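Pasting query19.csv here (CSV, C-alpha atoms and all ligand atoms):
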```
chain,number,residue,atom,x,y,z
J,1,MET,CA,22.3,72.4,-68.3
J,2,SER,CA,21.7,71.7,-72.0
J,3,ASN,CA,18.2,70.5,-72.9
J,4,PRO,CA,18.2,68.0,-75.8
J,5,GLU,CA,15.7,69.0,-78.5
J,6,SER,CA,12.3,67.6,-77.7
J,7,GLU,CA,12.1,65.9,-81.1
J,8,VAL,CA,15.0,63.5,-80.5
J,9,SER,CA,14.0,60.1,-79.4
J,10,ALA,CA,14.1,58.8,-75.8
J,11,ALA,CA,17.3,56.9,-76.3
J,12,THR,CA,19.1,60.0,-77.4
J,13,ARG,CA,17.6,62.0,-74.5
J,14,LEU,CA,18.9,59.4,-72.1
J,15,VAL,CA,22.4,59.8,-73.4
J,16,ALA,CA,22.3,63.6,-73.9
J,17,GLY,CA,20.2,64.8,-71.0
J,18,GLY,CA,21.5,66.9,-68.1
J,19,ARG,CA,24.9,67.6,-69.6
J,20,PRO,CA,26.7,70.9,-68.9
J,21,VAL,CA,26.4,73.7,-71.5
J,22,ARG,CA,28.7,72.8,-74.4
J,23,ALA,CA,31.7,75.2,-74.5
J,24,PRO,CA,35.4,74.7,-75.4
J,25,GLY,CA,37.0,73.0,-72.4
J,26,ALA,CA,33.8,72.4,-70.5
J,27,ALA,CA,33.3,69.0,-68.9
J,28,LEU,CA,31.1,66.6,-70.9
J,29,SER,CA,29.7,65.0,-67.7
J,30,PRO,CA,27.8,66.9,-65.0
J,31,ALA,CA,29.7,67.6,-61.8
J,32,ILE,CA,28.8,66.0,-58.4
J,33,GLU,CA,28.1,69.2,-56.5
J,34,PHE,CA,29.0,68.5,-52.9
J,35,THR,CA,27.8,71.6,-51.2
J,36,SER,CA,25.4,72.4,-48.4
J,37,THR,CA,25.1,76.1,-49.2
J,38,TYR,CA,25.6,78.7,-52.0
J,39,VAL,CA,26.9,82.3,-52.1
J,40,ALA,CA,24.0,84.6,-51.4
J,41,ASP,CA,21.7,86.2,-54.0
J,42,GLY,CA,21.6,83.3,-56.4
J,43,PRO,CA,18.5,81.2,-57.4
J,44,VAL,CA,19.1,78.7,-54.5
J,45,SER,CA,20.5,79.6,-51.1
J,46,TYR,CA,20.6,76.3,-49.3
J,47,ALA,CA,21.2,72.8,-50.8
J,48,ARG,CA,18.1,71.3,-49.1
J,49,SER,CA,16.0,73.0,-51.8
J,50,GLY,CA,18.2,72.6,-54.8
J,51,ASN,CA,21.4,71.1,-56.2
J,52,PRO,CA,22.7,71.2,-59.9
J,53,THR,CA,23.4,67.4,-59.8
J,54,TRP,CA,19.7,66.9,-59.0
J,55,THR,CA,18.8,69.2,-61.9
J,56,ALA,CA,20.8,67.1,-64.3
J,57,PHE,CA,18.9,64.0,-63.3
J,58,GLU,CA,15.6,65.7,-63.1
J,59,ASP,CA,15.9,67.4,-66.5
J,60,THR,CA,16.6,64.0,-68.1
J,61,LEU,CA,13.9,62.1,-66.3
J,62,GLY,CA,11.3,64.9,-66.8
J,63,SER,CA,12.0,65.0,-70.5
J,64,LEU,CA,11.4,61.3,-70.8
J,65,GLU,CA,8.1,61.3,-68.8
J,66,GLY,CA,6.9,64.6,-70.3
J,67,GLY,CA,6.8,66.7,-67.2
J,68,ARG,CA,9.0,68.2,-64.4
J,69,ALA,CA,10.8,65.8,-62.2
J,70,LEU,CA,11.9,66.0,-58.6
J,71,ALA,CA,14.5,63.7,-57.1
J,72,PHE,CA,13.8,62.2,-53.7
J,73,ALA,CA,15.8,60.3,-51.1
J,74,SER,CA,14.0,57.1,-52.0
J,75,GLY,CA,10.9,55.8,-53.8
J,76,MET,CA,9.3,55.7,-50.4
J,77,ALA,CA,10.1,59.3,-49.7
J,78,ALA,CA,8.5,60.3,-53.0
J,79,ILE,CA,5.4,58.1,-52.2
J,80,HIS,CA,5.1,59.8,-48.9
J,81,ALA,CA,5.3,63.3,-50.5
J,82,CYS,CA,2.5,62.2,-52.9
J,83,PHE,CA,0.2,61.3,-50.0
J,84,GLN,CA,1.0,64.7,-48.4
J,85,LEU,CA,-0.8,66.2,-51.4
J,86,THR,CA,-4.1,65.2,-49.7
J,87,ASP,CA,-5.8,66.8,-46.7
J,88,HIS,CA,-6.3,65.1,-43.3
J,89,GLY,CA,-9.0,62.5,-43.6
J,90,ALA,CA,-8.9,62.3,-47.4
J,91,ARG,CA,-10.1,59.0,-49.0
J,92,VAL,CA,-7.5,57.1,-51.1
J,93,VAL,CA,-8.3,54.2,-53.5
J,94,ALA,CA,-5.3,51.9,-53.8
J,95,PRO,CA,-4.5,48.5,-55.3
J,96,THR,CA,-5.1,45.4,-53.2
J,97,THR,CA,-1.6,44.2,-53.9
J,98,ALA,CA,0.4,47.4,-54.3
J,99,TYR,CA,4.2,47.4,-53.5
J,100,ASN,CA,4.3,46.4,-49.8
J,101,GLY,CA,5.9,49.6,-48.7
J,102,THR,CA,3.1,51.6,-50.2
J,103,GLY,CA,0.6,49.3,-48.5
J,104,ALA,CA,2.3,49.6,-45.1
J,105,LEU,CA,2.4,53.4,-45.4
J,106,LEU,CA,-1.4,53.4,-46.2
J,107,ASP,CA,-2.1,51.1,-43.3
J,108,ASN,CA,-0.2,53.5,-41.0
J,109,ALA,CA,-2.1,56.5,-42.3
J,110,SER,CA,-5.4,54.7,-42.0
J,111,GLN,CA,-4.7,53.5,-38.4
J,112,SER,CA,-3.8,57.1,-37.3
J,113,GLY,CA,-6.9,58.5,-39.1
J,114,ARG,CA,-4.8,60.6,-41.4
J,115,LEU,CA,-6.3,58.8,-44.5
J,116,ARG,CA,-9.3,56.6,-45.2
J,117,VAL,CA,-8.2,53.8,-47.5
J,118,THR,CA,-10.1,51.6,-49.9
J,119,ARG,CA,-8.2,48.7,-51.5
J,120,VAL,CA,-9.4,47.4,-54.9
J,121,GLN,CA,-8.0,44.9,-57.5
J,122,MET,CA,-6.1,47.0,-60.1
J,123,ASP,CA,-7.5,45.0,-63.0
J,124,ASP,CA,-11.1,45.4,-61.8
J,125,THR,CA,-12.1,48.6,-63.6
J,126,PRO,CA,-15.8,48.6,-62.6
J,127,ALA,CA,-14.9,48.1,-58.9
J,128,LEU,CA,-12.3,50.9,-59.1
J,129,LEU,CA,-14.7,53.3,-60.7
J,130,ALA,CA,-17.3,52.6,-58.0
J,131,ALA,CA,-14.7,53.0,-55.2
J,132,MET,CA,-13.6,56.3,-56.8
J,133,ASP,CA,-17.0,57.9,-56.1
J,134,GLY,CA,-16.2,60.5,-53.5
J,135,ALA,CA,-12.5,59.7,-53.3
J,136,ASP,CA,-9.7,62.3,-53.3
J,137,LEU,CA,-6.8,60.3,-54.6
J,138,LEU,CA,-6.4,57.2,-56.8
J,139,TRP,CA,-3.1,55.3,-56.5
J,140,ILE,CA,-2.3,53.4,-59.7
J,141,GLU,CA,0.3,50.7,-59.9
J,142,SER,CA,0.4,48.9,-63.3
J,143,PRO,CA,1.7,46.3,-63.6
J,144,THR,CA,1.2,45.6,-59.8
J,145,ASN,CA,4.0,44.2,-57.7
J,146,PRO,CA,4.2,41.2,-57.6
J,147,MET,CA,0.9,40.0,-59.2
J,148,LEU,CA,1.5,41.9,-62.4
J,149,GLU,CA,-2.1,42.9,-62.9
J,150,ILE,CA,-2.7,45.6,-65.5
J,151,ALA,CA,-4.9,48.7,-64.9
J,152,ASP,CA,-7.0,50.4,-67.6
J,153,ILE,CA,-5.3,53.7,-66.9
J,154,PRO,CA,-7.2,55.8,-69.6
J,155,ALA,CA,-10.6,54.7,-68.2
J,156,LEU,CA,-9.5,55.5,-64.6
J,157,THR,CA,-8.1,58.9,-65.4
J,158,ALA,CA,-11.1,59.9,-67.5
J,159,TYR,CA,-13.4,59.3,-64.5
J,160,ALA,CA,-10.9,60.9,-62.1
J,161,ARG,CA,-10.6,64.1,-64.2
J,162,ASP,CA,-14.5,64.4,-64.3
J,163,HIS,CA,-14.8,63.8,-60.5
J,164,GLY,CA,-11.9,65.8,-59.1
J,165,VAL,CA,-9.9,62.7,-58.1
J,166,LEU,CA,-6.1,63.2,-58.1
J,167,THR,CA,-4.2,60.3,-59.7
J,168,VAL,CA,-0.7,59.1,-59.0
J,169,CYS,CA,0.9,56.2,-61.0
J,170,ASP,CA,3.9,54.2,-59.7
J,171,ASN,CA,5.7,53.6,-63.0
J,172,THR,CA,8.7,51.8,-61.5
J,173,PHE,CA,8.1,48.5,-63.3
J,174,LEU,CA,7.8,49.8,-66.9
J,175,THR,CA,9.7,53.1,-67.0
J,176,PRO,CA,8.8,55.9,-69.5
J,177,LEU,CA,10.3,53.8,-72.3
J,178,VAL,CA,7.3,51.5,-72.1
J,179,GLN,CA,4.5,53.5,-70.5
J,180,ARG,CA,4.1,57.3,-70.1
J,181,PRO,CA,1.3,57.8,-67.6
J,182,LEU,CA,1.1,61.6,-68.0
J,183,ASP,CA,0.1,61.0,-71.6
J,184,LEU,CA,-2.6,58.7,-70.3
J,185,GLY,CA,-4.1,61.5,-68.1
J,186,VAL,CA,-2.3,60.8,-64.8
J,187,ASP,CA,-1.5,63.8,-62.6
J,188,VAL,CA,1.8,62.6,-60.9
J,189,VAL,CA,4.2,59.8,-61.9
J,190,LEU,CA,6.2,58.1,-59.2
J,191,HIS,CA,9.4,56.2,-59.5
J,192,SER,CA,11.6,54.1,-57.3
J,193,ALA,CA,14.6,55.1,-59.4
J,194,THR,CA,16.5,52.6,-57.3
J,195,LYS,CA,15.2,50.0,-59.8
J,196,TYR,CA,15.4,50.2,-63.6
J,197,LEU,CA,16.3,53.9,-63.9
J,198,ALA,CA,19.5,53.7,-61.9
J,199,GLY,CA,19.7,50.0,-62.8
J,200,HIS,CA,22.8,48.7,-61.0
J,201,SER,CA,21.5,47.8,-57.5
J,202,ASP,CA,24.0,50.3,-56.0
J,203,VAL,CA,21.8,53.3,-55.0
J,204,ILE,CA,18.5,54.1,-53.4
J,205,ILE,CA,16.7,57.1,-54.9
J,206,GLY,CA,13.1,58.2,-55.9
J,207,ALA,CA,11.4,60.7,-58.1
J,208,THR,CA,8.1,62.4,-58.9
J,209,ILE,CA,7.1,63.8,-62.3
J,210,THR,CA,4.2,66.1,-63.1
J,211,ALA,CA,3.2,68.5,-65.8
J,212,ASP,CA,1.1,70.5,-63.4
J,213,ASP,CA,3.1,73.5,-62.0
J,214,ALA,CA,1.1,73.8,-58.8
J,215,LEU,CA,1.5,70.1,-58.0
J,216,HIS,CA,5.2,70.4,-58.8
J,217,GLU,CA,5.6,73.4,-56.3
J,218,ARG,CA,3.7,71.5,-53.6
J,219,LEU,CA,5.9,68.4,-54.0
J,220,HIS,CA,9.0,70.6,-54.0
J,221,THR,CA,7.9,72.3,-50.8
J,222,THR,CA,7.2,68.9,-49.2
J,223,ARG,CA,10.6,67.6,-50.2
J,224,THR,CA,12.3,70.7,-48.8
J,225,LEU,CA,10.4,70.7,-45.5
J,226,LEU,CA,10.7,67.0,-44.9
J,227,GLY,CA,14.4,67.0,-46.0
J,228,ALA,CA,13.6,64.0,-48.2
J,229,ILE,CA,16.5,64.7,-50.5
J,230,PRO,CA,19.0,62.4,-52.2
J,231,GLY,CA,22.7,62.9,-51.9
J,232,PRO,CA,24.5,64.3,-54.9
J,233,MET,CA,26.6,61.2,-55.3
J,234,GLU,CA,23.5,58.9,-55.4
J,235,THR,CA,21.8,61.3,-57.9
J,236,TRP,CA,24.9,61.3,-60.2
J,237,LEU,CA,25.0,57.5,-60.0
J,238,ALA,CA,21.4,57.3,-61.0
J,239,LEU,CA,21.9,59.6,-64.0
J,240,ARG,CA,24.9,57.6,-65.1
J,241,GLY,CA,22.9,54.4,-64.8
J,242,MET,CA,20.0,56.0,-66.9
J,243,ARG,CA,22.4,56.6,-69.8
J,244,THR,CA,22.0,52.9,-70.7
J,245,LEU,CA,18.4,52.3,-69.7
J,246,HIS,CA,17.2,51.6,-73.2
J,247,LEU,CA,19.9,49.0,-73.8
J,248,ARG,CA,19.4,47.3,-70.4
J,249,LEU,CA,15.6,47.3,-70.7
J,250,GLU,CA,15.7,45.9,-74.3
J,251,ARG,CA,17.9,43.0,-73.3
J,252,ALA,CA,16.2,42.3,-70.0
J,253,THR,CA,12.7,42.4,-71.7
J,254,ALA,CA,13.9,40.0,-74.4
J,255,ASN,CA,15.3,37.6,-71.7
J,256,ALA,CA,12.1,37.9,-69.7
J,257,ALA,CA,9.9,37.1,-72.7
J,258,GLU,CA,12.0,34.0,-73.5
J,259,LEU,CA,12.1,32.7,-70.0
J,260,ALA,CA,8.3,33.3,-69.6
J,261,ARG,CA,7.7,31.2,-72.7
J,262,ARG,CA,9.9,28.4,-71.5
J,263,LEU,CA,8.5,28.4,-67.9
J,264,ASP,CA,5.0,28.1,-69.3
J,265,GLY,CA,4.4,24.3,-69.2
J,266,HIS,CA,7.4,23.6,-67.0
J,267,PRO,CA,6.5,20.5,-64.9
J,268,THR,CA,7.3,22.3,-61.6
J,269,VAL,CA,5.4,25.5,-62.4
J,270,ASP,CA,1.6,25.9,-61.8
J,271,ARG,CA,1.2,29.4,-63.2
J,272,VAL,CA,3.3,32.0,-65.0
J,273,ARG,CA,2.4,35.7,-64.6
J,274,TYR,CA,3.9,37.8,-67.4
J,275,PRO,CA,2.0,40.8,-68.8
J,276,GLY,CA,4.0,40.8,-72.1
J,277,VAL,CA,5.9,43.9,-71.2
J,278,GLY,CA,8.7,44.7,-68.8
J,279,ALA,CA,11.2,42.3,-67.3
J,280,ILE,CA,9.5,41.0,-64.2
J,281,VAL,CA,8.0,37.5,-64.3
J,282,SER,CA,6.1,35.9,-61.3
J,283,ILE,CA,5.8,32.2,-61.1
J,284,GLU,CA,3.7,30.0,-58.7
J,285,LEU,CA,5.3,26.6,-57.9
J,286,SER,CA,3.3,23.4,-57.8
J,287,GLY,CA,5.5,22.4,-54.8
J,288,GLY,CA,4.1,25.3,-52.7
J,289,GLN,CA,6.0,27.4,-50.2
J,290,ARG,CA,8.7,24.8,-49.5
J,291,ALA,CA,9.6,24.4,-53.2
J,292,ALA,CA,9.8,28.2,-53.5
J,293,GLU,CA,12.1,28.3,-50.4
J,294,ARG,CA,14.3,25.6,-51.9
J,295,LEU,CA,14.5,27.5,-55.2
J,296,GLU,CA,15.9,30.5,-53.4
J,297,GLU,CA,18.6,28.2,-51.9
J,298,GLN,CA,19.4,26.3,-55.2
J,299,VAL,CA,20.1,29.1,-57.6
J,300,GLN,CA,23.7,30.0,-58.5
J,301,VAL,CA,23.5,32.5,-61.4
J,302,TRP,CA,20.4,34.1,-60.1
J,303,ALA,CA,20.8,35.9,-56.8
J,304,PRO,CA,18.3,35.2,-54.0
J,305,ALA,CA,17.6,38.9,-53.2
J,306,THR,CA,14.9,41.4,-52.8
J,307,SER,CA,14.6,44.5,-55.1
J,308,LEU,CA,14.5,44.4,-58.9
J,309,GLY,CA,15.5,46.2,-62.0
J,310,GLY,CA,19.3,45.8,-61.8
J,311,VAL,CA,21.5,44.4,-64.5
J,312,GLU,CA,21.8,41.2,-62.5
J,313,SER,CA,18.9,38.6,-62.3
J,314,THR,CA,17.4,38.2,-58.8
J,315,LEU,CA,14.5,36.2,-57.5
J,316,GLU,CA,12.5,36.1,-54.3
J,317,ARG,CA,9.6,34.4,-52.6
J,318,ARG,CA,7.6,37.5,-51.8
J,319,ARG,CA,5.7,36.1,-48.8
J,320,ARG,CA,9.0,35.8,-46.9
J,321,HIS,CA,8.2,39.5,-46.0
J,322,PRO,CA,5.7,39.8,-43.1
J,323,LEU,CA,4.2,43.0,-44.7
J,324,GLU,CA,3.5,41.3,-48.0
J,325,PRO,CA,-0.3,41.2,-48.7
J,326,THR,CA,-1.9,37.8,-47.9
J,327,THR,CA,-3.5,37.9,-51.4
J,328,VAL,CA,0.0,37.0,-52.8
J,329,PRO,CA,0.3,33.1,-52.9
J,330,GLN,CA,2.9,31.5,-50.6
J,331,SER,CA,4.4,29.7,-53.6
J,332,LEU,CA,4.9,32.9,-55.7
J,333,VAL,CA,8.4,33.7,-56.7
J,334,ARG,CA,9.1,37.0,-58.4
J,335,LEU,CA,11.8,37.0,-61.0
J,336,SER,CA,13.6,40.2,-61.9
J,337,VAL,CA,15.2,39.2,-65.2
J,338,GLY,CA,18.6,40.9,-65.8
J,339,VAL,CA,20.8,41.3,-68.8
J,340,GLU,CA,22.9,38.1,-68.6
J,341,ASP,CA,23.0,35.5,-71.3
J,342,VAL,CA,19.5,34.0,-71.4
J,343,GLU,CA,20.8,30.4,-71.8
J,344,ASP,CA,22.8,30.7,-68.6
J,345,LEU,CA,19.7,32.1,-66.8
J,346,TRP,CA,17.6,29.3,-68.1
J,347,ARG,CA,20.0,26.4,-67.3
J,348,ASP,CA,20.3,27.7,-63.7
J,349,LEU,CA,16.6,28.2,-63.3
J,350,ASP,CA,15.5,24.9,-64.9
J,351,ARG,CA,18.0,22.9,-62.8
J,352,SER,CA,17.1,24.7,-59.6
J,353,LEU,CA,13.3,24.3,-60.2
J,354,ARG,CA,13.8,20.5,-60.8
J,355,HIS,CA,15.9,20.2,-57.6
J,356,SER,CA,13.3,22.1,-55.6
J,357,ALA,CA,10.3,20.2,-56.7
M,1,LIG,C1,11.0,49.4,-54.6
M,1,LIG,C2,9.7,50.0,-54.9
M,1,LIG,C3,9.3,51.1,-54.3
M,1,LIG,C4,10.0,51.8,-53.1
M,1,LIG,O1,11.2,52.4,-53.6
M,1,LIG,P1,12.5,52.6,-52.7
M,1,LIG,O2,13.4,53.3,-53.6
M,1,LIG,O3,12.9,51.2,-52.2
M,1,LIG,O4,12.2,53.4,-51.5
M,1,LIG,C5,8.1,51.6,-54.7
M,1,LIG,N1,7.3,51.1,-55.7
M,1,LIG,C6,7.7,50.0,-56.3
M,1,LIG,C7,6.9,49.4,-57.4
M,1,LIG,C8,8.9,49.4,-56.0
M,1,LIG,O5,9.3,48.3,-56.6
```
Write out the structure in this file as structure tokens.
Ligand SMILES: *Cc1c(COP(=O)(O)O)cnc(C)c1O
Amino acid sequence: MSNPESEVSAATRLVAGGRPVRAPGAALSPAIEFTSTYVADGPVSYARSGNPTWTAFEDTLGSLEGGRALAFASGMAAIHACFQLTDHGARVVAPTTAYNGTGALLDNASQSGRLRVTRVQMDDTPALLAAMDGADLLWIESPTNPMLEIADIPALTAYARDHGVLTVCDNTFLTPLVQRPLDLGVDVVLHSATKYLAGHSDVIIGATITADDALHERLHTTRTLLGAIPGPMETWLALRGMRTLHLRLERATANAAELARRLDGHPTVDRVRYPGVGAIVSIELSGGQRAAERLEEQVQVWAPATSLGGVESTLERRRRHPLEPTTVPQSLVRLSVGVEDVEDLWRDLDRSLRHSA
């Protein structure tokens, strides 16, 4: 695989990363390597531990985050592998309103005695620092899903480094184009590449990135032993999606900023949560749960659907999920703003909000 020069910008790396070595007649795009095994005496013998299509995706993502990436079967598989970095009975500090799958996994681990879990608001730095006393792992999600709280990552990692606390940051919402957690002192970055990285709502895949070789090896071993591996087809689709990440994110972010501005002061909206970066906006409706449910039924351009980070705009009342933390208001609707024409998005949203009130 060719490795684009490290001095070229992220946009160029997204386009150039993971391509085959350039030679007359060589394919410009990486192959989808459908194989379960390899001829003996090479670097990899069985495809549960390595595949060239993963390498193409991993080289590109690793270069963007500033470490070595590993592709996983899903974001959840990668999250599980991160928790496997801790010993039995380890103490984990995690956000009160983390992604609900992360929260459910922590609840399971806590009920079985595998982990001891302390949940703290991600934007309450003093409380987090206090909770980290004697902890083994800090789980960072910033902005949080769906409350969009922002963590003071440098303050948290400075304390963690001094006190031997391992830090993992779920960077799904911002991507390395907006936030590079390894530069902020985080040990492991986590992605649901299902979302912005792949970007087309057609594949489920996850990834970890770390600059620490020992952590990389342990995550690799866990992936191999759990068999938490993505298919070559999914990985290839994710890399193809990533080629346009910078273009998609630029448009989606501009759309989100404009919609957040217009929603602020809308007669049907009590509160707009928008951290000023990224393309997720959460709104709380003055008409409560019923208005939020009607909004899901009314929209035509927006799709009423879970998940986020695709080219298409989706929205969802998060409390429709039984596992969603009860700290999330019943009236909260999370908008994943896509790359459509912003006027079309606004007309549909404005009309639907008024009909739902
Ligand atoms: C979707 C999501 C996950 C889980 O990833 P999957 O690919 O669905 O397994 C983890 N974290 C965040 C922030 C997410 O949005």
Neighbourhood of ligand LIG 1 (chain M) at 7 Å, counting all atoms listed in the file, reported as a PyMOL selection string: chain J and resi 74-77+99+101-102+145+170+172-173+191-195+204-206+307-308
Determine, for each residue of region 148-247 of chain J having at least one atom at most 10 Å from an atom of region 134-141 of chain J, the closest pair of atoms and their separation in Å to one decimal, counting only C-alpha atoms; order by chain and ascending number, as a Markdown table.
```
| residue | atom | partner | partner_atom | distance |
| --- | --- | --- | --- | --- |
| J:Leu148 | CA | J:Glu141 | CA | 9.2 |
| J:Glu149 | CA | J:Glu141 | CA | 8.7 |
| J:Ile150 | CA | J:Glu141 | CA | 8.1 |
| J:Ala151 | CA | J:Ile140 | CA | 7.5 |
| J:Asp152 | CA | J:Ile140 | CA | 9.7 |
| J:Ile153 | CA | J:Ile140 | CA | 7.8 |
| J:Leu156 | CA | J:Leu138 | CA | 8.6 |
| J:Thr157 | CA | J:Leu138 | CA | 8.9 |
| J:Ala160 | CA | J:Leu138 | CA | 7.9 |
| J:His163 | CA | J:Gly134 | CA | 7.9 |
| J:Gly164 | CA | J:Asp136 | CA | 7.1 |
| J:Val165 | CA | J:Asp136 | CA | 4.8 |
| J:Leu166 | CA | J:Leu137 | CA | 4.6 |
| J:Thr167 | CA | J:Leu138 | CA | 4.8 |
| J:Val168 | CA | J:Trp139 | CA | 5.1 |
| J:Cys169 | CA | J:Ile140 | CA | 4.4 |
| J:Asp170 | CA | J:Glu141 | CA | 5.0 |
| J:Asn171 | CA | J:Glu141 | CA | 6.9 |
| J:Thr172 | CA | J:Glu141 | CA | 8.6 |
| J:Phe173 | CA | J:Glu141 | CA | 8.8 |
| J:Pro181 | CA | J:Ile140 | CA | 9.7 |
| J:Val186 | CA | J:Ile140 | CA | 9.0 |
| J:Val188 | CA | J:Trp139 | CA | 9.8 |
| J:Val189 | CA | J:Ile140 | CA | 9.4 |
| J:Leu190 | CA | J:Glu141 | CA | 9.5 |
```
Write the selection just made, keeping C-alpha atoms, as a PDB file, in the frame of the given file?
```
ATOM      1  CA  LEU J 148       1.500  41.900 -62.400  1.00  0.00           C
ATOM      2  CA  GLU J 149      -2.100  42.900 -62.900  1.00  0.00           C
ATOM      3  CA  ILE J 150      -2.700  45.600 -65.500  1.00  0.00           C
ATOM      4  CA  ALA J 151      -4.900  48.700 -64.900  1.00  0.00           C
ATOM      5  CA  ASP J 152      -7.000  50.400 -67.600  1.00  0.00           C
ATOM      6  CA  ILE J 153      -5.300  53.700 -66.900  1.00  0.00           C
ATOM      7  CA  LEU J 156      -9.500  55.500 -64.600  1.00  0.00           C
ATOM      8  CA  THR J 157      -8.100  58.900 -65.400  1.00  0.00           C
ATOM      9  CA  ALA J 160     -10.900  60.900 -62.100  1.00  0.00           C
ATOM     10  CA  HIS J 163     -14.800  63.800 -60.500  1.00  0.00           C
ATOM     11  CA  GLY J 164     -11.900  65.800 -59.100  1.00  0.00           C
ATOM     12  CA  VAL J 165      -9.900  62.700 -58.100  1.00  0.00           C
ATOM     13  CA  LEU J 166      -6.100  63.200 -58.100  1.00  0.00           C
ATOM     14  CA  THR J 167      -4.200  60.300 -59.700  1.00  0.00           C
ATOM     15  CA  VAL J 168      -0.700  59.100 -59.000  1.00  0.00           C
ATOM     16  CA  CYS J 169       0.900  56.200 -61.000  1.00  0.00           C
ATOM     17  CA  ASP J 170       3.900  54.200 -59.700  1.00  0.00           C
ATOM     18  CA  ASN J 171       5.700  53.600 -63.000  1.00  0.00           C
ATOM     19  CA  THR J 172       8.700  51.800 -61.500  1.00  0.00           C
ATOM     20  CA  PHE J 173       8.100  48.500 -63.300  1.00  0.00           C
ATOM     21  CA  PRO J 181       1.300  57.800 -67.600  1.00  0.00           C
ATOM     22  CA  VAL J 186      -2.300  60.800 -64.800  1.00  0.00           C
ATOM     23  CA  VAL J 188       1.800  62.600 -60.900  1.00  0.00           C
ATOM     24  CA  VAL J 189       4.200  59.800 -61.900  1.00  0.00           C
ATOM     25  CA  LEU J 190       6.200  58.100 -59.200  1.00  0.00           C
TER      26      LEU J 190
END
```
Near-region 51-60 of chain J list (7 Å; all atoms listed in the file; drop same-chain fewer than 5 positions) as a list in words: Met1, Arg13, Leu14, Gly17, Gly18, Arg19, Pro30, Ala31, Ile32, Glu33, Ala69, Leu70, Ala71, Pro232, Thr235, Trp236 and Leu239 of chain J
Residue among J:Asp202, J:Glu65, J:Glu340, J:Glu324 lying closest to Trp302 (chain J), counting all atoms listed in the file: J:Glu340
Counting only C-alpha atoms, the residue of J:Val339, J:Ala279, J:Ala357, J:Val117 that sits nearest Ala291 (chain J): J:Ala357
Proximity to Met147 (chain J) - best of J:Ala127, J:Val281, J:Val203, J:Val337, all atoms listed in the file: J:Val281
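In this structure, CA of Ala11 (chain J) sits 6.1 Å away from CA of His246 (chain J).
Distance check against Pro126 (chain J) using all atoms listed in the file: of J:Arg91, J:Gly227, J:Tyr159, J:Leu335, the minimum falls on J:Tyr159.
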Residue nearest Pro176 (chain J) among J:Pro143, J:Gly66, J:Pro329, J:Gly338 (counting only C-alpha atoms):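 Nearest candidate to Pro176 (chain J) out of J:Pro143, J:Gly66, J:Pro329, J:Gly338: J:Gly66.
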Separation of CA of Arg243 (chain J) from CA of Arg334 (chain J) in Å: 26.3 Å
Closest of J:Thr224, J:Thr175, J:Thr37, J:Thr244 to Thr12 (chain J) - atom-to-atom distances counting all atoms listed in the file: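 Ranked by minimum distance to Thr12 (chain J), first place goes to J:Thr244.
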Asp264 (chain J) surroundings by only C-alpha atoms, 12 Å radius, close-in-sequence under 6 positions cut, as a PyMOL selection string: chain J and resi 257-258+270-274+281-285+350
Spatial neighbours of Arg347 (chain J), max dist 12 Å, all atoms listed in the file, sep filter under 3 positions, as a PyMOL selection string: chain J and resi 259+262-263+299-302+341-344+350-354
Distance of CA of Arg218 (chain J) from CA of Gly231 (chain J), expressed in Å to one decimal place: 20.9 Å
